[in-house]
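Dropping model-v6.csv in here (CSV, C-alpha atoms and all ligand atoms):
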chain,number,residue,atom,x,y,z
C,1,MET,CA,20.5,-33.4,-5.4
C,2,THR,CA,17.9,-33.6,-2.7
C,3,SER,CA,15.5,-36.5,-2.6
C,4,SER,CA,12.2,-34.7,-3.1
C,5,THR,CA,9.7,-35.5,-5.8
C,6,LYS,CA,10.8,-32.5,-7.8
C,7,PRO,CA,14.6,-32.6,-8.5
C,8,VAL,CA,16.5,-29.7,-7.0
C,9,ILE,CA,20.0,-28.5,-7.8
C,10,ARG,CA,21.8,-26.3,-5.3
C,11,ILE,CA,24.4,-23.8,-6.6
C,12,ALA,CA,27.1,-22.7,-4.2
C,13,THR,CA,28.1,-19.2,-5.1
C,14,ARG,CA,30.0,-16.2,-3.9
C,15,GLU,CA,27.9,-13.1,-3.2
C,16,SER,CA,29.6,-10.7,-5.5
C,17,ALA,CA,27.5,-9.3,-8.2
C,18,LEU,CA,29.5,-11.1,-10.9
C,19,ALA,CA,29.4,-14.4,-9.1
C,20,MET,CA,25.6,-14.1,-8.6
C,21,TRP,CA,25.1,-13.2,-12.2
C,22,GLN,CA,27.0,-16.3,-13.3
C,23,ALA,CA,25.1,-18.5,-10.9
C,24,TYR,CA,21.7,-17.1,-12.2
C,25,TYR,CA,23.0,-17.6,-15.7
C,26,VAL,CA,23.5,-21.3,-15.0
C,27,LYS,CA,20.2,-21.6,-13.1
C,28,ASN,CA,18.3,-20.1,-16.0
C,29,LYS,CA,20.0,-22.3,-18.6
C,30,LEU,CA,19.4,-25.4,-16.5
C,31,GLU,CA,15.7,-24.6,-15.9
C,32,LEU,CA,15.1,-23.8,-19.5
C,33,ALA,CA,16.7,-27.0,-20.7
C,34,HIS,CA,15.0,-29.1,-17.9
C,35,PRO,CA,11.6,-27.7,-17.0
C,36,GLU,CA,11.2,-30.3,-14.2
C,37,LEU,CA,14.2,-28.9,-12.3
C,38,THR,CA,14.2,-26.4,-9.5
C,39,VAL,CA,17.6,-24.7,-9.1
C,40,VAL,CA,18.4,-22.7,-6.0
C,41,LEU,CA,21.3,-20.5,-5.1
C,42,VAL,CA,23.3,-21.0,-1.9
C,43,PRO,CA,25.3,-17.7,-1.5
C,44,MET,CA,28.3,-17.6,0.8
C,45,THR,CA,31.2,-15.3,1.6
C,46,THR,CA,34.7,-16.7,1.0
C,47,LYS,CA,38.0,-15.7,2.6
C,48,GLY,CA,39.0,-14.0,-0.6
C,49,ASP,CA,36.0,-11.7,-0.4
C,50,GLN,CA,36.7,-10.9,3.2
C,51,ILE,CA,40.4,-10.0,3.0
C,52,LEU,CA,40.5,-7.0,0.7
C,53,ASP,CA,43.4,-5.0,1.9
C,54,THR,CA,46.3,-7.5,1.2
C,55,PRO,CA,47.7,-8.4,-2.2
C,56,LEU,CA,46.2,-11.8,-3.3
C,57,ALA,CA,49.6,-13.3,-3.7
C,58,LEU,CA,50.3,-12.9,0.0
C,59,ILE,CA,47.2,-14.5,1.3
C,60,GLY,CA,47.1,-17.7,-0.7
C,61,GLY,CA,45.8,-16.6,-4.1
C,62,LYS,CA,42.8,-17.5,-6.0
C,63,ALA,CA,42.1,-20.8,-4.1
C,64,LEU,CA,40.6,-18.5,-1.4
C,65,PHE,CA,37.7,-17.7,-3.7
C,66,VAL,CA,36.7,-21.3,-4.3
C,67,LYS,CA,37.5,-23.3,-1.2
C,68,GLU,CA,34.4,-22.6,0.8
C,69,LEU,CA,32.3,-23.4,-2.2
C,70,GLU,CA,34.0,-26.7,-2.6
C,71,VAL,CA,33.6,-27.6,1.1
C,72,ALA,CA,29.9,-26.9,0.7
C,73,ILE,CA,29.6,-29.4,-2.1
C,74,LEU,CA,31.7,-32.0,-0.3
C,75,GLU,CA,29.5,-31.6,2.8
C,76,ASP,CA,26.3,-31.9,0.7
C,77,ARG,CA,25.1,-28.4,1.4
C,78,ALA,CA,25.3,-27.7,-2.3
C,79,ASP,CA,25.5,-29.7,-5.5
C,80,ILE,CA,27.5,-27.5,-7.9
C,81,ALA,CA,29.6,-24.4,-7.9
C,82,VAL,CA,29.9,-21.9,-10.7
C,83,HIS,CA,33.3,-20.3,-11.2
C,84,SER,CA,35.0,-17.8,-13.5
C,85,MET,CA,37.4,-20.3,-15.2
C,86,LYS,CA,40.2,-17.7,-14.6
C,87,ASP,CA,39.9,-18.2,-10.8
C,88,VAL,CA,39.8,-22.0,-10.8
C,89,PRO,CA,43.0,-23.6,-9.5
C,90,VAL,CA,44.6,-26.2,-11.7
C,91,GLU,CA,44.0,-29.1,-9.2
C,92,PHE,CA,40.7,-30.2,-7.7
C,93,PRO,CA,40.1,-31.7,-4.3
C,94,GLU,CA,39.5,-35.4,-4.1
C,95,GLY,CA,35.9,-36.1,-5.0
C,96,LEU,CA,35.3,-33.0,-7.1
C,97,MET,CA,35.8,-32.2,-10.7
C,98,LEU,CA,35.4,-29.5,-13.3
C,99,HIS,CA,32.6,-31.0,-15.3
C,100,THR,CA,31.2,-28.3,-17.6
C,101,ILE,CA,32.7,-25.3,-19.5
C,102,CYS,CA,30.1,-22.9,-20.8
C,103,GLU,CA,30.4,-20.6,-23.9
C,104,ARG,CA,33.0,-17.9,-23.6
C,105,GLU,CA,32.1,-14.3,-23.3
C,106,ASP,CA,34.5,-11.6,-24.7
C,107,PRO,CA,38.0,-12.7,-23.5
C,108,ARG,CA,39.7,-9.3,-23.8
C,109,ASP,CA,40.7,-6.9,-21.1
C,110,ALA,CA,39.0,-3.5,-21.1
C,111,PHE,CA,40.4,0.0,-20.6
C,112,VAL,CA,38.2,1.9,-18.3
C,113,SER,CA,38.6,5.6,-17.5
C,114,ASN,CA,36.6,8.7,-16.8
C,115,THR,CA,39.2,11.0,-18.3
C,116,TYR,CA,40.9,9.3,-21.2
C,117,GLN,CA,39.4,7.7,-24.3
C,118,ASP,CA,42.0,5.0,-24.8
C,119,PHE,CA,45.2,3.6,-23.6
C,120,ALA,CA,47.3,5.6,-26.0
C,121,SER,CA,46.0,8.9,-24.6
C,122,LEU,CA,47.3,8.3,-21.1
C,123,PRO,CA,49.8,11.1,-20.3
C,124,ASN,CA,53.3,10.4,-18.9
C,125,GLY,CA,53.2,9.1,-15.4
C,126,ALA,CA,49.4,8.3,-15.3
C,127,VAL,CA,48.2,6.0,-12.6
C,128,VAL,CA,46.7,2.7,-13.8
C,129,GLY,CA,44.9,0.4,-11.4
C,130,THR,CA,45.2,-3.3,-11.5
C,131,SER,CA,46.3,-6.1,-9.1
C,132,SER,CA,46.9,-8.5,-11.8
C,133,LEU,CA,50.6,-9.2,-12.3
C,134,ARG,CA,49.8,-10.3,-15.9
C,135,ARG,CA,48.3,-6.9,-16.7
C,136,GLN,CA,51.0,-5.1,-14.8
C,137,CYS,CA,53.9,-6.6,-16.7
C,138,GLN,CA,52.4,-6.1,-20.1
C,139,ILE,CA,51.3,-2.5,-19.4
C,140,LYS,CA,54.8,-1.7,-18.1
C,141,ALA,CA,56.4,-3.2,-21.2
C,142,LEU,CA,54.2,-1.0,-23.4
C,143,ARG,CA,54.5,2.1,-21.3
C,144,PRO,CA,57.3,2.1,-18.7
C,145,ASP,CA,56.4,5.6,-17.6
C,146,LEU,CA,52.9,4.5,-16.3
C,147,VAL,CA,52.5,4.0,-12.6
C,148,ILE,CA,50.8,0.7,-11.6
C,149,LYS,CA,48.7,1.0,-8.4
C,150,ASP,CA,47.1,-1.9,-6.6
C,151,LEU,CA,43.4,-2.4,-7.1
C,152,ARG,CA,41.5,-5.1,-5.2
C,153,GLY,CA,37.9,-5.9,-4.7
C,154,ASN,CA,35.0,-7.0,-6.9
C,155,VAL,CA,34.1,-5.2,-10.1
C,156,ASN,CA,31.8,-2.7,-8.5
C,157,THR,CA,34.4,-1.8,-5.8
C,158,ARG,CA,37.0,-1.3,-8.5
C,159,LEU,CA,34.8,1.0,-10.5
C,160,ARG,CA,34.0,3.0,-7.3
C,161,LYS,CA,37.7,3.4,-6.6
C,162,LEU,CA,38.2,4.7,-10.1
C,163,ASP,CA,35.2,7.1,-9.8
C,164,GLU,CA,36.7,8.4,-6.5
C,165,GLY,CA,39.7,9.6,-8.5
C,166,GLN,CA,42.3,7.2,-7.1
C,167,TYR,CA,43.3,6.2,-10.6
C,168,ASP,CA,43.5,7.7,-14.1
C,169,ALA,CA,42.4,4.4,-15.6
C,170,ILE,CA,41.8,0.8,-14.6
C,171,ILE,CA,42.0,-2.4,-16.5
C,172,LEU,CA,39.2,-5.0,-16.0
C,173,ALA,CA,38.0,-8.1,-17.9
C,174,ALA,CA,35.5,-7.0,-20.5
C,175,ALA,CA,33.4,-10.0,-19.7
C,176,GLY,CA,32.7,-8.8,-16.1
C,177,LEU,CA,31.5,-5.4,-17.3
C,178,ILE,CA,29.4,-6.9,-20.1
C,179,ARG,CA,27.7,-9.4,-17.7
C,180,LEU,CA,27.0,-6.7,-15.2
C,181,GLU,CA,25.4,-4.6,-17.9
C,182,MET,CA,28.0,-1.9,-17.9
C,183,PRO,CA,29.5,-2.2,-21.4
C,184,GLU,CA,29.4,1.6,-21.6
C,185,ARG,CA,32.2,1.7,-19.0
C,186,ILE,CA,34.5,0.1,-21.6
C,187,LYS,CA,36.4,3.0,-23.3
C,188,GLN,CA,38.6,0.6,-25.3
C,189,HIS,CA,38.8,-3.2,-25.8
C,190,LEU,CA,42.4,-4.1,-25.6
C,191,ASP,CA,43.3,-6.4,-28.4
C,192,THR,CA,44.6,-9.8,-27.2
C,193,ASP,CA,47.9,-9.2,-29.1
C,194,MET,CA,48.4,-6.0,-27.0
C,195,LEU,CA,47.3,-7.5,-23.7
C,196,LEU,CA,47.3,-11.3,-23.7
C,197,PRO,CA,44.4,-12.4,-21.5
C,198,ALA,CA,44.6,-14.8,-18.5
C,199,ASN,CA,43.9,-18.5,-19.1
C,200,GLY,CA,40.1,-19.0,-19.0
C,201,GLN,CA,39.2,-15.3,-19.0
C,202,GLY,CA,35.6,-14.8,-19.9
C,203,ALA,CA,34.6,-18.4,-19.5
C,204,VAL,CA,32.4,-19.9,-16.8
C,205,GLY,CA,32.9,-23.4,-15.5
C,206,ILE,CA,30.8,-25.7,-13.3
C,207,GLU,CA,32.3,-28.0,-10.6
C,208,CYS,CA,30.4,-30.9,-9.2
C,209,ARG,CA,31.0,-34.2,-7.3
C,210,THR,CA,32.9,-36.8,-9.3
C,211,ASN,CA,30.4,-39.5,-8.5
C,212,ASP,CA,27.2,-37.7,-9.3
C,213,PRO,CA,26.0,-38.9,-12.7
C,214,LEU,CA,22.5,-37.5,-12.2
C,215,ILE,CA,23.7,-33.9,-11.8
C,216,GLN,CA,26.3,-34.4,-14.5
C,217,GLY,CA,23.5,-35.5,-16.9
C,218,TYR,CA,21.7,-32.2,-16.3
C,219,LEU,CA,24.9,-30.1,-16.7
C,220,ALA,CA,25.7,-31.6,-20.1
C,221,THR,CA,23.4,-29.2,-21.9
C,222,LEU,CA,25.5,-26.2,-20.8
C,223,GLU,CA,28.7,-27.6,-22.3
C,224,HIS,CA,30.4,-25.6,-25.1
C,225,THR,CA,32.9,-27.7,-27.0
C,226,GLU,CA,35.0,-25.0,-28.6
C,227,THR,CA,35.3,-23.1,-25.3
C,228,ARG,CA,36.4,-26.3,-23.5
C,229,ILE,CA,39.2,-26.9,-26.1
C,230,ARG,CA,40.4,-23.3,-25.8
C,231,VAL,CA,40.3,-23.1,-22.0
C,232,LEU,CA,41.8,-26.5,-21.4
C,233,THR,CA,44.7,-25.7,-23.8
C,234,GLU,CA,45.3,-22.5,-21.9
C,235,ARG,CA,45.2,-24.1,-18.5
C,236,ALA,CA,47.6,-26.8,-19.6
C,237,MET,CA,50.2,-24.2,-20.2
C,238,ASN,CA,49.7,-22.5,-16.8
C,239,ARG,CA,49.8,-25.9,-15.1
C,240,ALA,CA,53.1,-26.8,-16.8
C,241,LEU,CA,54.5,-23.4,-15.8
C,242,GLU,CA,53.4,-24.2,-12.3
C,243,GLY,CA,51.5,-20.9,-12.5
C,244,GLY,CA,49.9,-21.0,-9.1
C,245,CYS,CA,47.8,-18.2,-7.9
C,246,GLN,CA,49.0,-14.8,-8.8
C,247,VAL,CA,51.4,-14.9,-11.8
C,248,PRO,CA,52.6,-12.7,-14.7
C,249,ILE,CA,51.4,-15.3,-17.2
C,250,GLY,CA,49.1,-14.8,-20.2
C,251,ALA,CA,47.6,-17.7,-22.2
C,252,TYR,CA,45.1,-17.3,-25.0
C,253,ALA,CA,43.9,-20.0,-27.5
C,254,THR,CA,41.7,-19.7,-30.5
C,255,VAL,CA,40.2,-22.5,-32.6
C,256,ASP,CA,39.9,-22.5,-36.4
C,257,GLY,CA,38.3,-25.7,-37.7
C,258,ASP,CA,40.3,-28.5,-36.3
C,259,GLN,CA,43.3,-26.4,-35.4
C,260,VAL,CA,44.0,-24.6,-32.2
C,261,THR,CA,46.5,-21.7,-31.8
C,262,LEU,CA,47.9,-21.0,-28.4
C,263,LYS,CA,49.8,-17.8,-27.5
C,264,GLY,CA,51.6,-17.6,-24.2
C,265,LEU,CA,53.4,-14.9,-22.3
C,266,VAL,CA,55.6,-14.7,-19.2
C,267,GLY,CA,56.8,-11.3,-18.1
C,268,SER,CA,58.9,-9.7,-15.3
C,269,LEU,CA,56.9,-7.4,-13.1
C,270,ASP,CA,58.6,-4.3,-14.3
C,271,GLY,CA,57.9,-5.2,-17.9
C,272,SER,CA,61.6,-5.2,-18.8
C,273,HIS,CA,61.5,-8.9,-19.9
C,274,ILE,CA,58.6,-10.3,-21.8
C,275,ILE,CA,58.8,-13.7,-23.3
C,276,THR,CA,56.1,-14.7,-25.8
C,277,ASP,CA,55.7,-17.6,-28.1
C,278,GLN,CA,52.9,-19.6,-29.8
C,279,VAL,CA,52.1,-23.1,-31.0
C,280,ILE,CA,49.6,-24.4,-33.5
C,281,GLY,CA,48.2,-28.0,-33.6
C,282,ALA,CA,45.2,-30.2,-33.7
C,283,THR,CA,42.3,-29.4,-31.4
C,284,SER,CA,42.6,-33.0,-30.2
C,285,GLN,CA,46.1,-32.3,-28.9
C,286,GLY,CA,45.2,-29.1,-27.0
C,287,GLU,CA,46.6,-30.0,-23.6
C,288,ALA,CA,49.8,-31.4,-25.1
C,289,LEU,CA,50.2,-28.1,-27.0
C,290,GLY,CA,49.8,-26.2,-23.8
C,291,THR,CA,52.6,-28.3,-22.2
C,292,GLN,CA,54.8,-27.8,-25.2
C,293,LEU,CA,54.4,-24.1,-25.2
C,294,ALA,CA,55.2,-23.9,-21.5
C,295,LYS,CA,58.5,-25.8,-22.3
C,296,GLN,CA,59.3,-23.4,-25.1
C,297,LEU,CA,58.7,-20.4,-22.8
C,298,LEU,CA,60.8,-21.9,-20.0
C,299,ALA,CA,63.7,-22.6,-22.4
C,300,GLN,CA,63.6,-19.0,-23.5
C,301,GLY,CA,64.0,-17.7,-19.9
C,302,ALA,CA,60.5,-17.9,-18.3
C,303,ASP,CA,62.1,-20.1,-15.6
C,304,VAL,CA,64.4,-17.3,-14.5
C,305,ILE,CA,61.5,-14.7,-14.5
C,306,LEU,CA,59.1,-16.9,-12.6
C,307,LYS,CA,61.7,-17.9,-10.0
C,308,GLU,CA,62.3,-14.2,-9.4
C,309,VAL,CA,58.5,-13.5,-9.0
C,310,TYR,CA,57.9,-16.4,-6.6
C,311,LYS,CA,61.0,-15.3,-4.5
C,312,GLY,CA,59.6,-11.8,-4.2
X,401,LIG,N1,40.0,-11.9,-10.9
X,401,LIG,C1,38.6,-11.6,-10.6
X,401,LIG,C2,37.8,-11.9,-11.8
X,401,LIG,N2,37.5,-13.2,-12.1
X,401,LIG,C3,36.7,-13.2,-13.3
X,401,LIG,C4,36.6,-11.8,-13.7
X,401,LIG,C5,36.0,-11.4,-14.9
X,401,LIG,C6,35.1,-12.3,-15.7
X,401,LIG,C7,35.9,-13.4,-16.4
X,401,LIG,O1,37.1,-13.3,-16.7
X,401,LIG,O2,35.2,-14.5,-16.7
X,401,LIG,C8,37.3,-11.0,-12.8
X,401,LIG,C9,37.3,-9.6,-12.8
X,401,LIG,C10,38.4,-9.0,-13.6
X,401,LIG,O3,39.5,-9.6,-13.9
X,401,LIG,O4,38.2,-7.9,-14.1

Here is the file; what I need is its structure written in the form of structure tokens.
Amino acid sequence: MTSSTKPVIRIATRESALAMWQAYYVKNKLELAHPELTVVLVPMTTKGDQILDTPLALIGGKALFVKELEVAILEDRADIAVHSMKDVPVEFPEGLMLHTICEREDPRDAFVSNTYQDFASLPNGAVVGTSSLRRQCQIKALRPDLVIKDLRGNVNTRLRKLDEGQYDAIILAAAGLIRLEMPERIKQHLDTDMLLPANGQGAVGIECRTNDPLIQGYLATLEHTETRIRVLTERAMNRALEGGCQVPIGAYATVDGDQVTLKGLVGSLDGSHIITDQVIGATSQGEALGTQLAKQLLAQGADVILKEVYKG
């Protein structure tokens, strides 16, 4: 927060269309709730945006998309950062915290193709684009005949690569396509029981300085309690699995009254071994449930699968 007469909040954001959309979403909500506020965007390019030709797992993973934003906040060039919760690492640097979790958009994955109406119509040997190990292992388990081909870049880049004919279909988060006003690109929403989403998928989170009560007071209006319970429950499972950057792990929680149901999945990259399980408990115990489900998955062989993945 700068010391002018009119309070200003600066949002550090990546320059991708989706990141900018999410930053504007937070700006608009803040300005609507607090008319005295001015909210400005501080766009920046991260390492993750620059290195597009190497699989994420080899260059340090998701942290590359948030580090520059965090440094900007710590150096007081910005006050908050808006993230896709899916991309937020489990640990935060000293002095920063995840303060706010906003209402979740559609958490499902989407089937996108210019040729095929749905996943089931894909012919033998069709080429499916994704760089997500989570999507890869589940697709291979459903259809071992399909060929998974790496697909990096932001949402628009991925769509362009599909349109150029490099893939028969690609899988993207529905939330990104909906936010970027391209819902018509979604040929089929993949049910969460068919393709378990990533922890936090579809939710936006806001990071700020730990010792910044003024900013935190403004942010409170964007908080969505049910989304927080769901996302923190999912993240607790990933944390307990030590699911670092790029992992074949799905985690998806739903809330019904004061009960939360968490489904978890760990799979080998070729889809030959998929371990799934679920836990149900009180919403007040979400993070403990996440830890418990991780233990159950590890006991059923997830430990062997993950060791293999990290080795490779
Ligand atoms: N990994 C990149 C990323 N981070 C967040 C989204 C989509 C929006 C969201 O999940 O909130 C995407 C694109 C995708 O997975 O298709």

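When only C-alpha atoms and all ligand atoms are used to measure the gap to ligand LIG 401 (chain X), the shortest distance among C:Ile206, C:Ala282, C:Val42, C:Val88 belongs to C:Val88.
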
Legend entry - Ref. answer, residues at most 12 Å from (17.9, -19.6, -13.4) with only C-alpha atoms, as a list in words: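 In the file's frame, the residues around the point are Ile9, Arg10, Ile11, Met20, Trp21, Gln22, Ala23, Tyr24, Tyr25, Val26, Lys27, Asn28, Lys29, Leu30, Glu31, Leu32, Ala33, His34, Pro35, Leu37, Thr38, Val39, Val40 and Leu41 of chain C.
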
Legend entry - Contacts of Glu68 (chain C) at 12 Å (only C-alpha atoms; same-chain gap of 2+ positions) as a PyMOL selection string: chain C and resi 12-14+42-49+62-66+70-75+77-78+81+93

Legend entry - For region 186-191 of chain C: contacts at 12 Å, all atoms listed in the file, fewer than 5 positions along chain excluded, given as a ChimeraX atom specification: /C:106-121,135,138-139,159,169-178,180-181,196-197,252

Legend entry - Shortest interatomic distance to ligand LIG 401 (chain X) - which of C:Asp87, C:Asp76, C:Glu94, C:Glu15, counting all atoms listed in the file: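 Among C:Asp87, C:Asp76, C:Glu94, C:Glu15, it is C:Asp87 that comes nearest to ligand LIG 401 (chain X).
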
Atoms are missing here; could region 131-164 of chain C be completed with N, CA and C atoms and written as a PDB file, keeping the file's coordinate frame?
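Result file follows (result06.pdb):
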ATOM      1  N   SER C 131      45.511  -5.229  -9.976  1.00  0.00           N
ATOM      2  CA  SER C 131      46.300  -6.100  -9.100  1.00  0.00           C
ATOM      3  C   SER C 131      46.782  -7.310  -9.767  1.00  0.00           C
ATOM      4  N   SER C 132      46.534  -7.372 -11.067  1.00  0.00           N
ATOM      5  CA  SER C 132      46.900  -8.500 -11.800  1.00  0.00           C
ATOM      6  C   SER C 132      48.386  -8.377 -12.289  1.00  0.00           C
ATOM      7  N   LEU C 133      49.248  -9.321 -11.899  1.00  0.00           N
ATOM      8  CA  LEU C 133      50.600  -9.200 -12.300  1.00  0.00           C
ATOM      9  C   LEU C 133      50.757  -9.391 -13.829  1.00  0.00           C
ATOM     10  N   ARG C 134      49.837 -10.155 -14.413  1.00  0.00           N
ATOM     11  CA  ARG C 134      49.800 -10.300 -15.900  1.00  0.00           C
ATOM     12  C   ARG C 134      49.540  -8.983 -16.566  1.00  0.00           C
ATOM     13  N   ARG C 135      48.565  -8.237 -16.063  1.00  0.00           N
ATOM     14  CA  ARG C 135      48.300  -6.900 -16.700  1.00  0.00           C
ATOM     15  C   ARG C 135      49.437  -5.970 -16.406  1.00  0.00           C
ATOM     16  N   GLN C 136      49.939  -5.994 -15.160  1.00  0.00           N
ATOM     17  CA  GLN C 136      51.000  -5.100 -14.800  1.00  0.00           C
ATOM     18  C   GLN C 136      52.227  -5.231 -15.693  1.00  0.00           C
ATOM     19  N   CYS C 137      52.702  -6.458 -15.912  1.00  0.00           N
ATOM     20  CA  CYS C 137      53.900  -6.600 -16.700  1.00  0.00           C
ATOM     21  C   CYS C 137      53.754  -6.202 -18.132  1.00  0.00           C
ATOM     22  N   GLN C 138      52.578  -6.466 -18.675  1.00  0.00           N
ATOM     23  CA  GLN C 138      52.400  -6.100 -20.100  1.00  0.00           C
ATOM     24  C   GLN C 138      52.175  -4.590 -20.250  1.00  0.00           C
ATOM     25  N   ILE C 139      51.519  -3.955 -19.280  1.00  0.00           N
ATOM     26  CA  ILE C 139      51.300  -2.500 -19.400  1.00  0.00           C
ATOM     27  C   ILE C 139      52.694  -1.797 -19.223  1.00  0.00           C
ATOM     28  N   LYS C 140      53.507  -2.278 -18.267  1.00  0.00           N
ATOM     29  CA  LYS C 140      54.800  -1.700 -18.100  1.00  0.00           C
ATOM     30  C   LYS C 140      55.729  -1.860 -19.296  1.00  0.00           C
ATOM     31  N   ALA C 141      55.548  -2.990 -19.986  1.00  0.00           N
ATOM     32  CA  ALA C 141      56.400  -3.200 -21.200  1.00  0.00           C
ATOM     33  C   ALA C 141      55.954  -2.254 -22.299  1.00  0.00           C
ATOM     34  N   LEU C 142      54.660  -1.971 -22.389  1.00  0.00           N
ATOM     35  CA  LEU C 142      54.200  -1.000 -23.400  1.00  0.00           C
ATOM     36  C   LEU C 142      54.516   0.397 -23.070  1.00  0.00           C
ATOM     37  N   ARG C 143      54.377   0.722 -21.764  1.00  0.00           N
ATOM     38  CA  ARG C 143      54.500   2.100 -21.300  1.00  0.00           C
ATOM     39  C   ARG C 143      55.236   2.127 -19.956  1.00  0.00           C
ATOM     40  N   PRO C 144      56.581   2.093 -19.989  1.00  0.00           N
ATOM     41  CA  PRO C 144      57.300   2.100 -18.700  1.00  0.00           C
ATOM     42  C   PRO C 144      57.074   3.273 -17.832  1.00  0.00           C
ATOM     43  N   ASP C 145      56.579   4.350 -18.431  1.00  0.00           N
ATOM     44  CA  ASP C 145      56.400   5.600 -17.600  1.00  0.00           C
ATOM     45  C   ASP C 145      55.130   5.486 -16.740  1.00  0.00           C
ATOM     46  N   LEU C 146      54.196   4.599 -17.053  1.00  0.00           N
ATOM     47  CA  LEU C 146      52.900   4.500 -16.300  1.00  0.00           C
ATOM     48  C   LEU C 146      53.210   3.998 -14.881  1.00  0.00           C
ATOM     49  N   VAL C 147      52.377   4.435 -13.940  1.00  0.00           N
ATOM     50  CA  VAL C 147      52.500   4.000 -12.600  1.00  0.00           C
ATOM     51  C   VAL C 147      51.386   2.970 -12.282  1.00  0.00           C
ATOM     52  N   ILE C 148      51.755   1.764 -11.892  1.00  0.00           N
ATOM     53  CA  ILE C 148      50.800   0.700 -11.600  1.00  0.00           C
ATOM     54  C   ILE C 148      50.420   0.829 -10.091  1.00  0.00           C
ATOM     55  N   LYS C 149      49.124   0.952  -9.798  1.00  0.00           N
ATOM     56  CA  LYS C 149      48.700   1.000  -8.400  1.00  0.00           C
ATOM     57  C   LYS C 149      47.733  -0.104  -8.106  1.00  0.00           C
ATOM     58  N   ASP C 150      47.935  -0.744  -6.956  1.00  0.00           N
ATOM     59  CA  ASP C 150      47.100  -1.900  -6.600  1.00  0.00           C
ATOM     60  C   ASP C 150      45.643  -1.589  -6.586  1.00  0.00           C
ATOM     61  N   LEU C 151      44.836  -2.542  -7.033  1.00  0.00           N
ATOM     62  CA  LEU C 151      43.400  -2.400  -7.100  1.00  0.00           C
ATOM     63  C   LEU C 151      42.691  -3.665  -6.810  1.00  0.00           C
ATOM     64  N   ARG C 152      42.198  -3.815  -5.585  1.00  0.00           N
ATOM     65  CA  ARG C 152      41.500  -5.100  -5.200  1.00  0.00           C
ATOM     66  C   ARG C 152      40.028  -4.840  -5.099  1.00  0.00           C
ATOM     67  N   GLY C 153      39.309  -5.935  -4.923  1.00  0.00           N
ATOM     68  CA  GLY C 153      37.900  -5.900  -4.700  1.00  0.00           C
ATOM     69  C   GLY C 153      37.105  -6.355  -5.918  1.00  0.00           C
ATOM     70  N   ASN C 154      35.799  -6.516  -5.744  1.00  0.00           N
ATOM     71  CA  ASN C 154      35.000  -7.000  -6.900  1.00  0.00           C
ATOM     72  C   ASN C 154      34.818  -5.862  -7.892  1.00  0.00           C
ATOM     73  N   VAL C 155      34.170  -6.188  -8.994  1.00  0.00           N
ATOM     74  CA  VAL C 155      34.100  -5.200 -10.100  1.00  0.00           C
ATOM     75  C   VAL C 155      33.515  -3.894  -9.687  1.00  0.00           C
ATOM     76  N   ASN C 156      32.431  -3.924  -8.917  1.00  0.00           N
ATOM     77  CA  ASN C 156      31.800  -2.700  -8.500  1.00  0.00           C
ATOM     78  C   ASN C 156      32.716  -1.835  -7.594  1.00  0.00           C
ATOM     79  N   THR C 157      33.434  -2.517  -6.700  1.00  0.00           N
ATOM     80  CA  THR C 157      34.400  -1.800  -5.800  1.00  0.00           C
ATOM     81  C   THR C 157      35.474  -1.148  -6.642  1.00  0.00           C
ATOM     82  N   ARG C 158      35.970  -1.866  -7.642  1.00  0.00           N
ATOM     83  CA  ARG C 158      37.000  -1.300  -8.500  1.00  0.00           C
ATOM     84  C   ARG C 158      36.551  -0.077  -9.232  1.00  0.00           C
ATOM     85  N   LEU C 159      35.330  -0.136  -9.737  1.00  0.00           N
ATOM     86  CA  LEU C 159      34.800   1.000 -10.500  1.00  0.00           C
ATOM     87  C   LEU C 159      34.603   2.203  -9.518  1.00  0.00           C
ATOM     88  N   ARG C 160      34.163   1.913  -8.298  1.00  0.00           N
ATOM     89  CA  ARG C 160      34.000   3.000  -7.300  1.00  0.00           C
ATOM     90  C   ARG C 160      35.312   3.687  -7.029  1.00  0.00           C
ATOM     91  N   LYS C 161      36.364   2.871  -6.856  1.00  0.00           N
ATOM     92  CA  LYS C 161      37.700   3.400  -6.600  1.00  0.00           C
ATOM     93  C   LYS C 161      38.167   4.306  -7.749  1.00  0.00           C
ATOM     94  N   LEU C 162      37.841   3.904  -8.971  1.00  0.00           N
ATOM     95  CA  LEU C 162      38.200   4.700 -10.100  1.00  0.00           C
ATOM     96  C   LEU C 162      37.384   6.049 -10.057  1.00  0.00           C
ATOM     97  N   ASP C 163      36.096   5.939  -9.774  1.00  0.00           N
ATOM     98  CA  ASP C 163      35.200   7.100  -9.800  1.00  0.00           C
ATOM     99  C   ASP C 163      35.623   8.095  -8.647  1.00  0.00           C
ATOM    100  N   GLU C 164      36.212   7.571  -7.567  1.00  0.00           N
ATOM    101  CA  GLU C 164      36.700   8.400  -6.500  1.00  0.00           C
ATOM    102  C   GLU C 164      37.934   9.204  -6.847  1.00  0.00           C
TER     103      GLU C 164
END
